[in-house]
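Visitor: Just passing along the structure, written as structure tokens.
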Amino acid sequence: GEHQGLAFYTIGQRKGLGVVSPEPLYVLKKDLAENVLVIGPGSELGQRELFSDRVNWVSGRPPAQSVRAQVKIRYKAVEAAAEVVPLPGDQARVAFETPLRDITPGQRVVFYDGEECLGGGTIR
């Protein structure tokens with residue numbers, strides 16, 4: 001099928017897809033390189049990990065090893081327990097204990113240890 005342009009859709013969006021289906025469908029993925037919008041059932045929305053670019057660590061340098069942290073994937077999101085693994089080139093891999101819905105490329109991800117902000121980056 002056709003879509004109105006990837007910029008008009010967000011991961012997890014349900015309304016305005018223009019598709020008739022017996023079950024609710026959601027935006028699962030946006031492939032910018034191929035201009036493809038992937039939709040499917042809500043059960044396929046959860047992701048256990050994300051990768052982040054342009055990571056800034058409050059301490060000024062990445063930790064020497066992975067850290068357990070509470071992670072937020074957007075401003076008003078509930079914190080989720082995860083392991084944050086620093087990667088070369090100001091990147092990080094974030095592995096969640098339970099799958100999260102609505103992980104959206106381009107949004108910010110922020111890592112916390114209690115009330116202390118450890119750092120954050122941009123979801124890719």
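Residues are referred to by chain and number: the chain letter is A, B, ... according to the order shown in the structure tokens, the number counts from 1 in that chain, and ligands are numbered separately from 1 in the order shown.
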Counting only C-alpha atoms, what is within 10 Å of A:Gly5, bar same-chain residues fewer than 6 positions away, as a PDB file with N, CA and C atoms, in the first residue's frame?
Guide:
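This went into result-v2.pdb:
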ATOM      1  N   LEU A  32      13.541   4.497   6.807  1.00  0.00           N
ATOM      2  CA  LEU A  32      13.761   5.731   6.061  1.00  0.00           C
ATOM      3  C   LEU A  32      14.477   5.489   4.739  1.00  0.00           C
ATOM      4  N   ASN A  35      11.858   4.024   2.462  1.00  0.00           N
ATOM      5  CA  ASN A  35      10.558   4.704   2.519  1.00  0.00           C
ATOM      6  C   ASN A  35       9.424   3.708   2.776  1.00  0.00           C
ATOM      7  N   VAL A  36       9.650   2.802   3.737  1.00  0.00           N
ATOM      8  CA  VAL A  36       8.675   1.755   4.055  1.00  0.00           C
ATOM      9  C   VAL A  36       8.137   1.972   5.467  1.00  0.00           C
ATOM     10  N   LEU A  37       6.823   1.910   5.594  1.00  0.00           N
ATOM     11  CA  LEU A  37       6.131   1.986   6.874  1.00  0.00           C
ATOM     12  C   LEU A  37       5.627   0.586   7.192  1.00  0.00           C
TER      13      LEU A  37
END
Visitor: So that I can see what lies close to A:Glu79, please list as a list in words the residues with an atom at most 12 Å from it, counting only C-alpha atoms and leaving out residues fewer than 4 positions away in the same chain.
Guide: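 Using only C-alpha atoms, the neighbours found are Ala69, Gln70, Val71, Lys72, Ile73, Arg74, Tyr75, Phe96, Glu97, Thr98, Leu100, Val109, Val110, Phe111, Tyr112, Asp113, Gly114 and Glu115 of chain A.
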Visitor: Need the shell around A:Trp57: protein/DNA/RNA residues with any atom at most 8 Å away, counting only C-alpha atoms. Skip same-chain ones fewer than 6 positions apart. Format as a list in words?
Guide: Leu118, Gly119 and Gly120 of chain A
Visitor: When distances are computed from only C-alpha atoms, which of A:Glu44, A:Glu2, A:Glu49, A:Glu116 shows the smallest separation from A:Arg93?
Guide: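 Ranking A:Glu44, A:Glu2, A:Glu49, A:Glu116 by distance to A:Arg93, first place goes to A:Glu49.
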